[in-house]
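So this block is upload-v4.pdb, PDB, C-alpha atoms:
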ATOM      1  CA  MET G   1      -6.127  17.570  10.695
ATOM      2  CA  ILE G   2      -7.997  16.096   7.764
ATOM      3  CA  VAL G   3     -11.603  17.095   7.282
ATOM      4  CA  PRO G   4     -13.729  15.189   4.743
ATOM      5  CA  GLY G   5     -14.857  17.521   1.987
ATOM      6  CA  LEU G   6     -18.422  18.773   2.189
ATOM      7  CA  LEU G   7     -18.511  20.155  -1.348
ATOM      8  CA  GLU G   8     -18.499  18.011  -4.428
ATOM      9  CA  ILE G   9     -15.023  17.394  -5.830
ATOM     10  CA  PRO G  10     -14.859  18.931  -9.356
ATOM     11  CA  LEU G  11     -14.901  16.474 -12.248
ATOM     12  CA  HIS G  12     -11.591  17.643 -13.733
ATOM     13  CA  GLU G  13      -9.900  16.992 -10.379
ATOM     14  CA  ALA G  14     -11.515  13.592  -9.832
ATOM     15  CA  VAL G  15     -10.916  12.065 -13.277
ATOM     16  CA  PRO G  16      -7.134  11.473 -12.893
ATOM     17  CA  TYR G  17      -7.674   9.724  -9.554
ATOM     18  CA  VAL G  18     -10.457   7.480 -10.852
ATOM     19  CA  ALA G  19      -8.502   6.670 -14.024
ATOM     20  CA  GLY G  20      -5.390   6.004 -11.950
ATOM     21  CA  ALA G  21      -7.160   3.618  -9.578
ATOM     22  CA  TYR G  22      -8.791   1.576 -12.351
ATOM     23  CA  THR G  23      -5.601   1.535 -14.450
ATOM     24  CA  ALA G  24      -3.561   0.348 -11.466
ATOM     25  CA  PHE G  25      -6.019  -2.477 -10.867
ATOM     26  CA  VAL G  26      -6.018  -3.578 -14.509
ATOM     27  CA  ALA G  27      -2.206  -3.400 -14.567
ATOM     28  CA  LEU G  28      -2.026  -5.538 -11.434
ATOM     29  CA  ILE G  29      -4.263  -8.227 -12.931
ATOM     30  CA  LEU G  30      -2.323  -8.122 -16.224
ATOM     31  CA  ILE G  31       0.994  -8.578 -14.396
ATOM     32  CA  TYR G  32      -0.495 -11.537 -12.533
ATOM     33  CA  LEU G  33      -1.741 -13.072 -15.791
ATOM     34  CA  ALA G  34       1.616 -12.462 -17.483
ATOM     35  CA  ILE G  35       3.423 -14.327 -14.697
ATOM     36  CA  MET G  36       0.934 -17.184 -14.979
ATOM     37  CA  ALA G  37       1.394 -17.233 -18.773
ATOM     38  CA  THR G  38       5.172 -17.503 -18.320
ATOM     39  CA  LYS G  39       4.685 -20.526 -16.077
ATOM     40  CA  LEU G  40       2.288 -22.030 -18.596
ATOM     41  CA  SER G  41       4.775 -21.658 -21.438
ATOM     42  CA  ARG G  42       7.436 -23.337 -19.279
ATOM     43  CA  MET G  43       5.058 -26.239 -18.697
ATOM     44  CA  GLU G  44       4.398 -26.477 -22.421
ATOM     45  CA  ARG G  45       8.145 -26.684 -23.038
ATOM     46  CA  GLU G  46       8.521 -29.399 -20.412
ATOM     47  CA  LEU G  47       5.644 -31.318 -21.963
ATOM     48  CA  GLY G  48       7.396 -31.115 -25.335
ATOM     49  CA  GLU G  49      10.567 -32.537 -23.780
ATOM     50  CA  LEU G  50       8.619 -35.392 -22.204
ATOM     51  CA  THR G  51       6.886 -36.159 -25.489
ATOM     52  CA  GLU G  52      10.280 -36.357 -27.200
ATOM     53  CA  LEU G  53      11.587 -38.624 -24.453
ATOM     54  CA  ALA G  54       8.592 -40.958 -24.730
ATOM     55  CA  GLU G  55       8.904 -40.978 -28.525
ATOM     56  CA  SER G  56      12.616 -41.829 -28.439
ATOM     57  CA  ARG G  57      11.916 -44.671 -26.008
ATOM     58  CA  ARG G  58       9.186 -46.030 -28.236
ATOM     59  CA  ARG G  59      11.546 -45.971 -31.234
ATOM     60  CA  ALA G  60      14.294 -47.687 -29.242
ATOM     61  CA  GLY G  61      11.827 -50.401 -28.184
ATOM     62  CA  GLU G  62      10.764 -50.985 -31.773
ATOM     63  CA  GLU G  63      14.394 -51.257 -32.909
ATOM     64  CA  ARG G  64      15.088 -53.823 -30.188
ATOM     65  CA  GLU G  65      12.086 -55.871 -31.325
ATOM     66  CA  GLU G  66      13.308 -55.813 -34.946
ATOM     67  CA  LEU G  67      16.718 -57.094 -33.882
TER      68      LEU G  67
ATOM     69  CA  MET L   1      -9.994 -31.106 -12.889
ATOM     70  CA  TYR L   2      -9.917 -27.447 -11.829
ATOM     71  CA  GLY L   3      -9.866 -26.426 -15.483
ATOM     72  CA  LYS L   4     -13.322 -27.907 -15.955
ATOM     73  CA  ARG L   5     -15.830 -25.169 -16.822
ATOM     74  CA  LEU L   6     -13.079 -22.554 -16.494
ATOM     75  CA  ARG L   7     -13.888 -21.064 -19.884
ATOM     76  CA  PRO L   8     -17.597 -20.324 -19.210
ATOM     77  CA  LEU L   9     -16.610 -19.012 -15.788
ATOM     78  CA  ALA L  10     -14.027 -16.683 -17.338
ATOM     79  CA  LEU L  11     -16.539 -15.461 -19.917
ATOM     80  CA  THR L  12     -19.156 -14.840 -17.213
ATOM     81  CA  THR L  13     -16.592 -12.903 -15.181
ATOM     82  CA  PHE L  14     -15.630 -10.796 -18.166
ATOM     83  CA  ALA L  15     -19.296 -10.043 -18.940
ATOM     84  CA  ALA L  16     -20.043  -9.188 -15.294
ATOM     85  CA  LEU L  17     -17.003  -6.876 -15.025
ATOM     86  CA  THR L  18     -17.891  -5.125 -18.278
ATOM     87  CA  LEU L  19     -21.505  -4.643 -17.172
ATOM     88  CA  THR L  20     -20.338  -3.313 -13.799
ATOM     89  CA  LEU L  21     -18.029  -0.763 -15.410
ATOM     90  CA  VAL L  22     -20.702   0.395 -17.860
ATOM     91  CA  LEU L  23     -23.309   0.773 -15.116
ATOM     92  CA  ALA L  24     -20.864   2.415 -12.700
ATOM     93  CA  PHE L  25     -19.775   5.073 -15.182
ATOM     94  CA  PHE L  26     -22.903   5.623 -17.289
ATOM     95  CA  TRP L  27     -25.884   4.667 -15.129
ATOM     96  CA  ALA L  28     -25.100   5.275 -11.472
ATOM     97  CA  PRO L  29     -25.305   8.981 -10.594
ATOM     98  CA  ASP L  30     -22.389  10.937  -9.153
ATOM     99  CA  ASP L  31     -22.244  11.182  -5.373
ATOM    100  CA  ALA L  32     -23.421  14.522  -3.927
ATOM    101  CA  ASN L  33     -20.329  14.865  -1.766
ATOM    102  CA  GLN L  34     -17.584  12.938  -3.554
ATOM    103  CA  GLY L  35     -18.738  13.598  -7.103
ATOM    104  CA  PHE L  36     -17.027  11.520  -9.798
ATOM    105  CA  LEU L  37     -14.335  10.419  -7.330
ATOM    106  CA  GLN L  38     -16.875   8.102  -5.700
ATOM    107  CA  LYS L  39     -16.534   5.775  -8.746
ATOM    108  CA  ILE L  40     -13.437   4.348  -7.042
ATOM    109  CA  PHE L  41     -15.845   3.000  -4.412
ATOM    110  CA  TYR L  42     -17.079   0.350  -6.915
ATOM    111  CA  LEU L  43     -13.540  -0.964  -7.265
ATOM    112  CA  HIS L  44     -11.994  -0.441  -3.846
ATOM    113  CA  VAL L  45     -14.727  -1.721  -1.507
ATOM    114  CA  PRO L  46     -15.611  -4.989  -3.319
ATOM    115  CA  LEU L  47     -11.896  -5.653  -3.768
ATOM    116  CA  ALA L  48     -11.347  -5.259  -0.005
ATOM    117  CA  ILE L  49     -14.326  -7.478   0.892
ATOM    118  CA  VAL L  50     -13.248 -10.224  -1.533
ATOM    119  CA  THR L  51      -9.655 -10.028  -0.257
ATOM    120  CA  LEU L  52     -10.724 -10.512   3.359
ATOM    121  CA  CYS L  53     -13.137 -13.311   2.409
ATOM    122  CA  GLY L  54     -10.280 -14.964   0.508
ATOM    123  CA  PHE L  55      -8.138 -14.946   3.635
ATOM    124  CA  VAL L  56     -10.995 -16.468   5.654
ATOM    125  CA  TYR L  57     -11.503 -19.143   2.972
ATOM    126  CA  ALA L  58      -7.782 -19.942   3.171
ATOM    127  CA  GLY L  59      -8.230 -20.520   6.912
ATOM    128  CA  LEU L  60     -11.194 -22.829   6.318
ATOM    129  CA  ALA L  61      -9.237 -24.770   3.687
ATOM    130  CA  ALA L  62      -6.376 -25.066   6.169
ATOM    131  CA  ILE L  63      -8.769 -26.548   8.755
ATOM    132  CA  ALA L  64      -9.853 -29.095   6.149
ATOM    133  CA  HIS L  65      -6.181 -29.857   5.465
ATOM    134  CA  LEU L  66      -5.395 -30.516   9.098
ATOM    135  CA  ARG L  67      -8.494 -32.696   9.449
ATOM    136  CA  THR L  68      -7.984 -34.772   6.308
ATOM    137  CA  ARG L  69      -4.204 -34.435   5.662
ATOM    138  CA  ASP L  70      -5.157 -34.085   2.015
ATOM    139  CA  SER L  71      -2.515 -31.988   0.254
ATOM    140  CA  ARG L  72      -5.118 -30.547  -2.118
ATOM    141  CA  TRP L  73      -6.578 -28.499   0.760
ATOM    142  CA  ASP L  74      -3.129 -27.130   1.524
ATOM    143  CA  MET L  75      -2.811 -26.104  -2.104
ATOM    144  CA  ARG L  76      -6.259 -24.467  -2.036
ATOM    145  CA  SER L  77      -5.295 -22.499   1.051
ATOM    146  CA  TYR L  78      -1.944 -21.497  -0.475
ATOM    147  CA  VAL L  79      -3.493 -20.269  -3.732
ATOM    148  CA  ALA L  80      -6.255 -18.399  -1.853
ATOM    149  CA  ILE L  81      -3.682 -16.520   0.241
ATOM    150  CA  HIS L  82      -1.513 -15.817  -2.797
ATOM    151  CA  LEU L  83      -4.419 -14.427  -4.780
ATOM    152  CA  SER L  84      -5.824 -12.434  -1.859
ATOM    153  CA  LEU L  85      -2.420 -10.812  -1.410
ATOM    154  CA  VAL L  86      -2.518  -9.697  -5.048
ATOM    155  CA  PHE L  87      -6.033  -8.322  -4.547
ATOM    156  CA  GLY L  88      -4.909  -6.736  -1.271
ATOM    157  CA  VAL L  89      -2.209  -4.780  -3.084
ATOM    158  CA  GLY L  90      -5.000  -3.510  -5.364
ATOM    159  CA  VAL L  91      -6.984  -2.434  -2.289
ATOM    160  CA  LEU L  92      -4.036  -0.498  -0.877
ATOM    161  CA  ILE L  93      -3.288   1.219  -4.194
ATOM    162  CA  SER L  94      -6.907   2.146  -5.012
ATOM    163  CA  GLY L  95      -7.514   3.212  -1.396
ATOM    164  CA  SER L  96      -4.461   5.454  -1.372
ATOM    165  CA  ILE L  97      -5.499   7.065  -4.642
ATOM    166  CA  TRP L  98      -8.995   7.668  -3.293
ATOM    167  CA  ALA L  99      -7.580   9.085  -0.024
ATOM    168  CA  LYS L 100      -5.386  11.499  -1.948
ATOM    169  CA  GLY L 101      -8.357  12.748  -3.965
ATOM    170  CA  SER L 102     -10.741  12.907  -1.034
ATOM    171  CA  TRP L 103      -8.577  13.736   2.011
ATOM    172  CA  GLY L 104      -5.564  15.266   0.304
ATOM    173  CA  VAL L 105      -3.134  12.670   1.693
ATOM    174  CA  TRP L 106      -2.033   9.276   0.373
ATOM    175  CA  TRP L 107      -2.144   7.652   3.790
ATOM    176  CA  ASP L 108      -3.366   8.528   7.286
ATOM    177  CA  TRP L 109      -1.684   6.638  10.119
ATOM    178  CA  SER L 110      -4.368   7.701  12.622
ATOM    179  CA  GLU L 111      -7.100   5.932  10.661
ATOM    180  CA  PRO L 112      -7.779   2.450  12.161
ATOM    181  CA  THR L 113      -9.320   0.980   8.992
ATOM    182  CA  LEU L 114      -6.249   1.733   6.908
ATOM    183  CA  VAL L 115      -3.706   0.643   9.485
ATOM    184  CA  SER L 116      -5.578  -2.562  10.346
ATOM    185  CA  PHE L 117      -5.760  -3.557   6.671
ATOM    186  CA  LEU L 118      -2.047  -2.892   6.305
ATOM    187  CA  LEU L 119      -1.415  -5.062   9.388
ATOM    188  CA  ILE L 120      -3.379  -7.912   7.820
ATOM    189  CA  MET L 121      -1.393  -7.552   4.605
ATOM    190  CA  LEU L 122       1.918  -7.537   6.474
ATOM    191  CA  LEU L 123       0.809 -10.574   8.465
ATOM    192  CA  TYR L 124       0.036 -12.521   5.300
ATOM    193  CA  ALA L 125       3.237 -11.297   3.665
ATOM    194  CA  THR L 126       5.077 -13.568   6.117
ATOM    195  CA  TYR L 127       3.206 -16.664   4.874
ATOM    196  CA  GLN L 128       5.505 -17.438   1.931
ATOM    197  CA  PRO L 129       8.753 -16.895   3.881
ATOM    198  CA  LEU L 130       7.347 -19.114   6.644
ATOM    199  CA  ARG L 131       6.721 -21.906   4.159
ATOM    200  CA  PHE L 132      10.104 -21.441   2.533
ATOM    201  CA  ALA L 133      11.854 -21.625   5.911
ATOM    202  CA  ILE L 134      10.612 -25.193   6.488
ATOM    203  CA  GLU L 135      12.250 -27.803   4.299
ATOM    204  CA  ASP L 136      10.222 -30.886   5.172
ATOM    205  CA  PRO L 137       7.072 -30.673   2.963
ATOM    206  CA  GLU L 138       4.846 -32.444   5.495
ATOM    207  CA  ARG L 139       5.848 -30.149   8.347
ATOM    208  CA  GLN L 140       5.719 -27.116   6.061
ATOM    209  CA  ALA L 141       2.112 -27.884   5.105
ATOM    210  CA  ARG L 142       1.120 -28.432   8.736
ATOM    211  CA  TYR L 143       2.719 -25.218  10.014
ATOM    212  CA  ALA L 144       1.347 -23.231   7.081
ATOM    213  CA  SER L 145      -2.157 -24.518   7.856
ATOM    214  CA  VAL L 146      -1.838 -23.478  11.492
ATOM    215  CA  PHE L 147      -0.723 -20.040  10.320
ATOM    216  CA  ALA L 148      -3.629 -19.771   7.827
ATOM    217  CA  ILE L 149      -6.165 -20.720  10.508
ATOM    218  CA  THR L 150      -4.781 -18.270  13.078
ATOM    219  CA  ALA L 151      -4.480 -15.420  10.597
ATOM    220  CA  GLY L 152      -7.862 -16.293   9.066
ATOM    221  CA  ALA L 153      -9.483 -15.989  12.491
ATOM    222  CA  PHE L 154      -7.706 -12.676  13.041
ATOM    223  CA  VAL L 155      -9.351 -11.157   9.936
ATOM    224  CA  PRO L 156     -13.004 -11.048  11.169
ATOM    225  CA  ILE L 157     -11.926 -10.198  14.736
ATOM    226  CA  ASN L 158      -9.886  -7.308  13.409
ATOM    227  CA  PHE L 159     -12.816  -6.173  11.239
ATOM    228  CA  VAL L 160     -15.200  -6.093  14.217
ATOM    229  CA  ILE L 161     -12.716  -4.279  16.462
ATOM    230  CA  VAL L 162     -12.143  -1.594  13.842
ATOM    231  CA  ARG L 163     -15.888  -1.089  13.430
ATOM    232  CA  LEU L 164     -16.266  -0.662  17.168
ATOM    233  CA  SER L 165     -13.645   2.078  17.105
ATOM    234  CA  THR L 166     -15.125   5.567  17.307
ATOM    235  CA  ALA L 167     -12.363   7.786  15.984
ATOM    236  CA  TYR L 168     -12.384   7.142  12.283
ATOM    237  CA  LEU L 169     -12.343   9.076   9.074
ATOM    238  CA  HIS L 170     -12.760   6.197   6.639
ATOM    239  CA  PRO L 171     -16.412   5.849   5.507
ATOM    240  CA  ARG L 172     -18.348   2.915   7.004
ATOM    241  CA  VAL L 173     -19.631   0.758   4.206
ATOM    242  CA  LEU L 174     -21.100  -2.562   5.334
ATOM    243  CA  GLY L 175     -24.228  -2.091   7.382
ATOM    244  CA  ASP L 176     -24.875   1.386   6.053
ATOM    245  CA  ILE L 177     -25.486   0.379   2.473
ATOM    246  CA  SER L 178     -29.174  -0.414   2.653
ATOM    247  CA  ALA L 179     -29.796   2.559   4.943
ATOM    248  CA  ASN L 180     -27.898   5.271   3.087
ATOM    249  CA  LEU L 181     -27.246   4.191  -0.484
ATOM    250  CA  PRO L 182     -29.824   5.185  -3.105
ATOM    251  CA  GLY L 183     -31.176   2.414  -5.358
ATOM    252  CA  ARG L 184     -28.831   2.784  -8.317
ATOM    253  CA  PHE L 185     -25.756   2.999  -6.100
ATOM    254  CA  GLN L 186     -26.833  -0.188  -4.353
ATOM    255  CA  VAL L 187     -27.453  -2.128  -7.567
ATOM    256  CA  VAL L 188     -24.042  -1.209  -8.982
ATOM    257  CA  PHE L 189     -22.315  -1.850  -5.673
ATOM    258  CA  TYR L 190     -23.743  -5.388  -5.320
ATOM    259  CA  LEU L 191     -23.030  -6.099  -8.975
ATOM    260  CA  SER L 192     -19.433  -4.969  -8.548
ATOM    261  CA  LEU L 193     -19.151  -7.184  -5.467
ATOM    262  CA  ILE L 194     -20.389 -10.195  -7.461
ATOM    263  CA  SER L 195     -18.035  -9.352 -10.353
ATOM    264  CA  MET L 196     -15.046  -9.073  -8.069
ATOM    265  CA  ALA L 197     -15.928 -12.348  -6.352
ATOM    266  CA  LEU L 198     -16.242 -13.994  -9.782
ATOM    267  CA  LEU L 199     -12.846 -12.597 -10.780
ATOM    268  CA  TRP L 200     -11.277 -14.011  -7.615
ATOM    269  CA  ILE L 201     -12.880 -17.428  -8.181
ATOM    270  CA  THR L 202     -11.815 -17.481 -11.853
ATOM    271  CA  LEU L 203      -8.217 -16.578 -11.078
ATOM    272  CA  TRP L 204      -8.155 -19.028  -8.158
ATOM    273  CA  ARG L 205      -9.333 -21.845 -10.408
ATOM    274  CA  TYR L 206      -6.888 -20.757 -13.108
ATOM    275  CA  GLU L 207      -3.964 -20.912 -10.698
ATOM    276  CA  MET L 208      -5.179 -24.201  -9.193
ATOM    277  CA  THR L 209      -5.380 -25.670 -12.712
ATOM    278  CA  SER L 210      -1.866 -24.476 -13.439
ATOM    279  CA  LYS L 211      -0.468 -25.858 -10.168
ATOM    280  CA  HIS L 212      -2.240 -29.189 -10.640
ATOM    281  CA  ALA L 213      -1.054 -29.524 -14.248
ATOM    282  CA  GLY L 214       2.493 -28.675 -13.163
ATOM    283  CA  ALA L 215       2.401 -31.343 -10.467
ATOM    284  CA  GLN L 216       1.120 -33.947 -12.918
ATOM    285  CA  LEU L 217       3.800 -32.988 -15.412
ATOM    286  CA  ARG L 218       6.556 -33.410 -12.854
ATOM    287  CA  ALA L 219       5.146 -36.740 -11.714
ATOM    288  CA  LEU L 220       5.126 -37.858 -15.351
ATOM    289  CA  ARG L 221       8.711 -36.688 -15.794
ATOM    290  CA  ARG L 222       9.796 -38.699 -12.797
ATOM    291  CA  ALA L 223       7.898 -41.763 -13.998
ATOM    292  CA  LEU L 224       9.483 -41.507 -17.463
ATOM    293  CA  ALA L 225      12.962 -40.720 -16.204
ATOM    294  CA  GLY L 226      12.866 -43.699 -13.826
ATOM    295  CA  ASP L 227      16.342 -44.540 -12.568
ATOM    296  CA  GLU L 228      17.876 -41.716 -14.577
ATOM    297  CA  ASP L 229      16.139 -39.203 -12.311
ATOM    298  CA  GLU L 230      18.518 -38.665  -9.445
ATOM    299  CA  SER L 231      17.820 -34.996  -8.898
ATOM    300  CA  MET L 232      16.663 -33.877  -5.468
ATOM    301  CA  PRO L 233      13.658 -31.567  -5.141
ATOM    302  CA  ARG L 234      14.745 -28.014  -4.426
ATOM    303  CA  ARG L 235      13.393 -26.231  -1.361
ATOM    304  CA  SER L 236      10.182 -24.437  -2.252
ATOM    305  CA  ALA L 237       7.345 -22.540  -0.597
ATOM    306  CA  VAL L 238       4.860 -24.179  -2.953
ATOM    307  CA  PRO L 239       2.788 -27.005  -1.430
ATOM    308  CA  THR L 240       3.405 -30.614  -2.341
ATOM    309  CA  LEU L 241       0.559 -32.189  -4.289
ATOM    310  CA  ASN L 242       0.053 -35.931  -4.348
ATOM    311  CA  VAL L 243      -0.865 -36.754  -7.927
ATOM    312  CA  GLY L 244      -0.963 -39.922 -10.043
ATOM    313  CA  SER L 245       1.714 -41.669 -12.198
ATOM    314  CA  GLY L 246       2.845 -43.585  -9.139
ATOM    315  CA  ALA L 247       5.454 -40.984  -8.444
ATOM    316  CA  GLY L 248       4.176 -39.925  -5.052
ATOM    317  CA  GLY L 249       4.141 -36.297  -3.964
ATOM    318  CA  THR L 250       5.522 -33.638  -6.178
ATOM    319  CA  ARG L 251       6.136 -29.963  -5.850
ATOM    320  CA  ALA L 252       3.383 -28.308  -7.763
ATOM    321  CA  GLY L 253       4.805 -24.972  -8.788
ATOM    322  CA  GLY L 254       7.922 -23.267  -9.970
ATOM    323  CA  ASP L 255      10.833 -25.325 -11.246
ATOM    324  CA  SER L 256      11.546 -27.121  -8.049
ATOM    325  CA  VAL L 257      11.754 -30.536  -9.685
ATOM    326  CA  GLY L 258      13.545 -30.837 -12.986
ATOM    327  CA  ALA L 259      15.239 -34.065 -13.910
ATOM    328  CA  ALA L 260      16.450 -32.812 -17.266
ATOM    329  CA  ARG L 261      17.912 -29.610 -15.930
TER     330      ARG L 261
END
Exercise: express the given structure as structure tokens:
Amino acid sequence: MIVPGLLEIPLHEAVPYVAGAYTAFVALILIYLAIMATKLSRMERELGELTELAESRRRAGEEREEL
Amino acid sequence: MYGKRLRPLALTTFAALTLTLVLAFFWAPDDANQGFLQKIFYLHVPLAIVTLCGFVYAGLAAIAHLRTRDSRWDMRSYVAIHLSLVFGVGVLISGSIWAKGSWGVWWDWSEPTLVSFLLIMLLYATYQPLRFAIEDPERQARYASVFAITAGAFVPINFVIVRLSTAYLHPRVLGDISANLPGRFQVVFYLSLISMALLWITLWRYEMTSKHAGAQLRALRRALAGDEDESMPRRSAVPTLNVGSGAGGTRAGGDSVGAAR
């Protein structure tokens, strides 16, 4: 059976737990942000491809007009 | 449109989180019983409250989706559940660490608060597979909304039932705060709650911005590709957003639509 402690937990025992909890939370948020950043970079690449496509079409249109 | 004012919001969140941490570690006194270990309280409890509120918000957004048939509400609900699941994992990890320090065990199956939170997490873990199992985007959105409403209603009911339970080890937090918490504890606790809520809102808006931009990009790709675009959208759990460019609905996330691929 588990009985909640009545005496204060010593600092040297508590520090690793507190540090662990906060580090785990920060790591979780960083992983989330890293995944979002990966998606963002993929979108940037796609946008670059679309810009190239639009540019090539514009050039082709201009060439047709010249002819 | 979701990216509007995202920067000041992010800066405010960062400032609030920093202030919370400084006050929690350097201003709020140590608890007489828990000592320094009680500092986890300022992370774990607000995280749990924000997670549960996020699930309830997802249910409300799903109601709005069913009422209006506007795909943006489906996306809001989807992102809220996704983000609350991430926060929920944080709750389970920080709670387990606190339990180990305080009770000597990582988990106690006889504790209703712990088990009920795990049940909620497992329930919401089925949300993505449910969406993925339905190919038709319209039907997927409808079924997902029904799920979000049902599960969202389960969250407060579950919370009340657990509080009515008598055999518990987990400390009661809401309701006892004003009665038992000394002034400094209270100030830091409410500040940490606000900070965590701000973090959730910031990340929610960030993900909504990303999903919306992705949907617009894919609509643009389809509009530019014209007849050359013969690719079929791949099955995805991500909601379909109706955005401009005359391309109709488009999958908002992942790489589900890719004409050039």
Check your understanding: Using all atoms listed in the file, which residue out of L:Ile81, L:Ala213, L:Leu164, L:Val45 lies closest to chain G?
Key -> L:Ala213
Check your understanding: atom CA of Val50 of chain L to atom CA of Leu11 of chain G: how many Å, to one decimal?
Key ->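 Atom CA of Leu11 of chain G lies at a distance of 28.8 Å from atom CA of Val50 of chain L.
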Within 9 Å of chain G, which residues of chain L come that close, and what is the closest atom pair and distance in Å for each? Count only C-alpha atoms and give it as CSV.
residue,atom,partner,partner_atom,distance
L:Asp31,CA,G:Glu8,CA,7.8
L:Ala32,CA,G:Glu8,CA,6.1
L:Asn33,CA,G:Glu8,CA,4.5
L:Gln34,CA,G:Glu8,CA,5.2
L:Gly35,CA,G:Glu8,CA,5.2
L:Phe36,CA,G:Ala14,CA,5.9
L:Leu37,CA,G:Ala14,CA,4.9
L:Gln38,CA,G:Val18,CA,8.3
L:Lys39,CA,G:Val18,CA,6.7
L:Ile40,CA,G:Val18,CA,5.8
L:Leu43,CA,G:Tyr22,CA,7.4
L:His44,CA,G:Ala21,CA,8.5
L:Val86,CA,G:Leu28,CA,7.6
L:Phe87,CA,G:Leu28,CA,8.4
L:Val89,CA,G:Leu28,CA,8.4
L:Gly90,CA,G:Phe25,CA,5.7
L:Val91,CA,G:Phe25,CA,8.6
L:Ile93,CA,G:Ala21,CA,7.1
L:Ser94,CA,G:Ala21,CA,4.8
L:Gly95,CA,G:Ala21,CA,8.2
L:Ser96,CA,G:Ala21,CA,8.8
L:Ile97,CA,G:Tyr17,CA,6.0
L:Trp98,CA,G:Tyr17,CA,6.7
L:Lys100,CA,G:Tyr17,CA,8.1
L:Gly101,CA,G:Tyr17,CA,6.4
L:Ser102,CA,G:Gly5,CA,6.9
L:Trp103,CA,G:Pro4,CA,6.0
L:Gly104,CA,G:Ile2,CA,7.9
L:Val105,CA,G:Ile2,CA,8.5
L:Asp108,CA,G:Ile2,CA,8.9
L:Leu169,CA,G:Pro4,CA,7.6
L:Leu203,CA,G:Leu33,CA,8.7
L:Tyr206,CA,G:Met36,CA,8.8
L:Glu207,CA,G:Met36,CA,7.5
L:Ser210,CA,G:Leu40,CA,7.1
L:Ala213,CA,G:Met43,CA,8.2
L:Gly214,CA,G:Met43,CA,6.6
L:Leu217,CA,G:Leu47,CA,7.0
L:Arg218,CA,G:Glu46,CA,8.8
L:Leu220,CA,G:Leu50,CA,8.1
L:Arg221,CA,G:Leu50,CA,6.5
L:Leu224,CA,G:Ala54,CA,7.3
L:Ala225,CA,G:Leu53,CA,8.6
L:Gly253,CA,G:Lys39,CA,8.5
L:Gly254,CA,G:Lys39,CA,7.4
L:Asp255,CA,G:Arg42,CA,8.9
L:Ala260,CA,G:Glu49,CA,8.8
**Study point:** Two-atom distance - atom CA of Leu114 of chain L, atom CA of Val162 of chain L (Å)
**Key:** 9.7 Å
Review point. Mind pulling up the distance from atom CA of Arg184 of chain L to atom CA of Ala28 of chain L?
Key: 5.5 Å
Review point. Could you tell me, as a PyMOL selection string, which residues have any atom at most 10 Å from (-7.9, -16.9, 9.8), counting only C-alpha atoms?
Key: chain L and resi 52-60+62-63+145-157
Review point. So which residues touch segment 125-134 of chain L within 8 Å, counting all atoms listed in the file, skipping near sequence neighbours fewer than 5 positions away, as a PyMOL selection string?
Key: chain L and resi 85+139-141+143-144+147+235-238
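Closest approach to Leu47 of chain L among L:Leu122, L:Val115, L:Val187, L:Leu92 is made by L:Leu92 (distances from only C-alpha atoms).
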**Study point:** Selection: 9 Å around Thr12 of chain L, all atoms listed in the file, excl. self and same-chain fewer than 4 positions, as a list of chain:residue names
**Key:** L:Arg7, L:Pro8, L:Ala16, L:Leu17, L:Ser195, L:Leu198
Would you save the residues of that selection, restricted to C-alpha atoms, as a PDB file, in the frame of the given file?
ATOM      1  CA  ARG L   7     -13.888 -21.064 -19.884  1.00  0.00           C
ATOM      2  CA  PRO L   8     -17.597 -20.324 -19.210  1.00  0.00           C
ATOM      3  CA  ALA L  16     -20.043  -9.188 -15.294  1.00  0.00           C
ATOM      4  CA  LEU L  17     -17.003  -6.876 -15.025  1.00  0.00           C
ATOM      5  CA  SER L 195     -18.035  -9.352 -10.353  1.00  0.00           C
ATOM      6  CA  LEU L 198     -16.242 -13.994  -9.782  1.00  0.00           C
TER       7      LEU L 198
END
Practice item. Go through the shown structure with the PyMOL selection byres ((chain L and resi 6) around 10) and write out the matching residues as an MDAnalysis selection string. Key: chainID L and resid 1:5 7:12 201:203 205:206 209
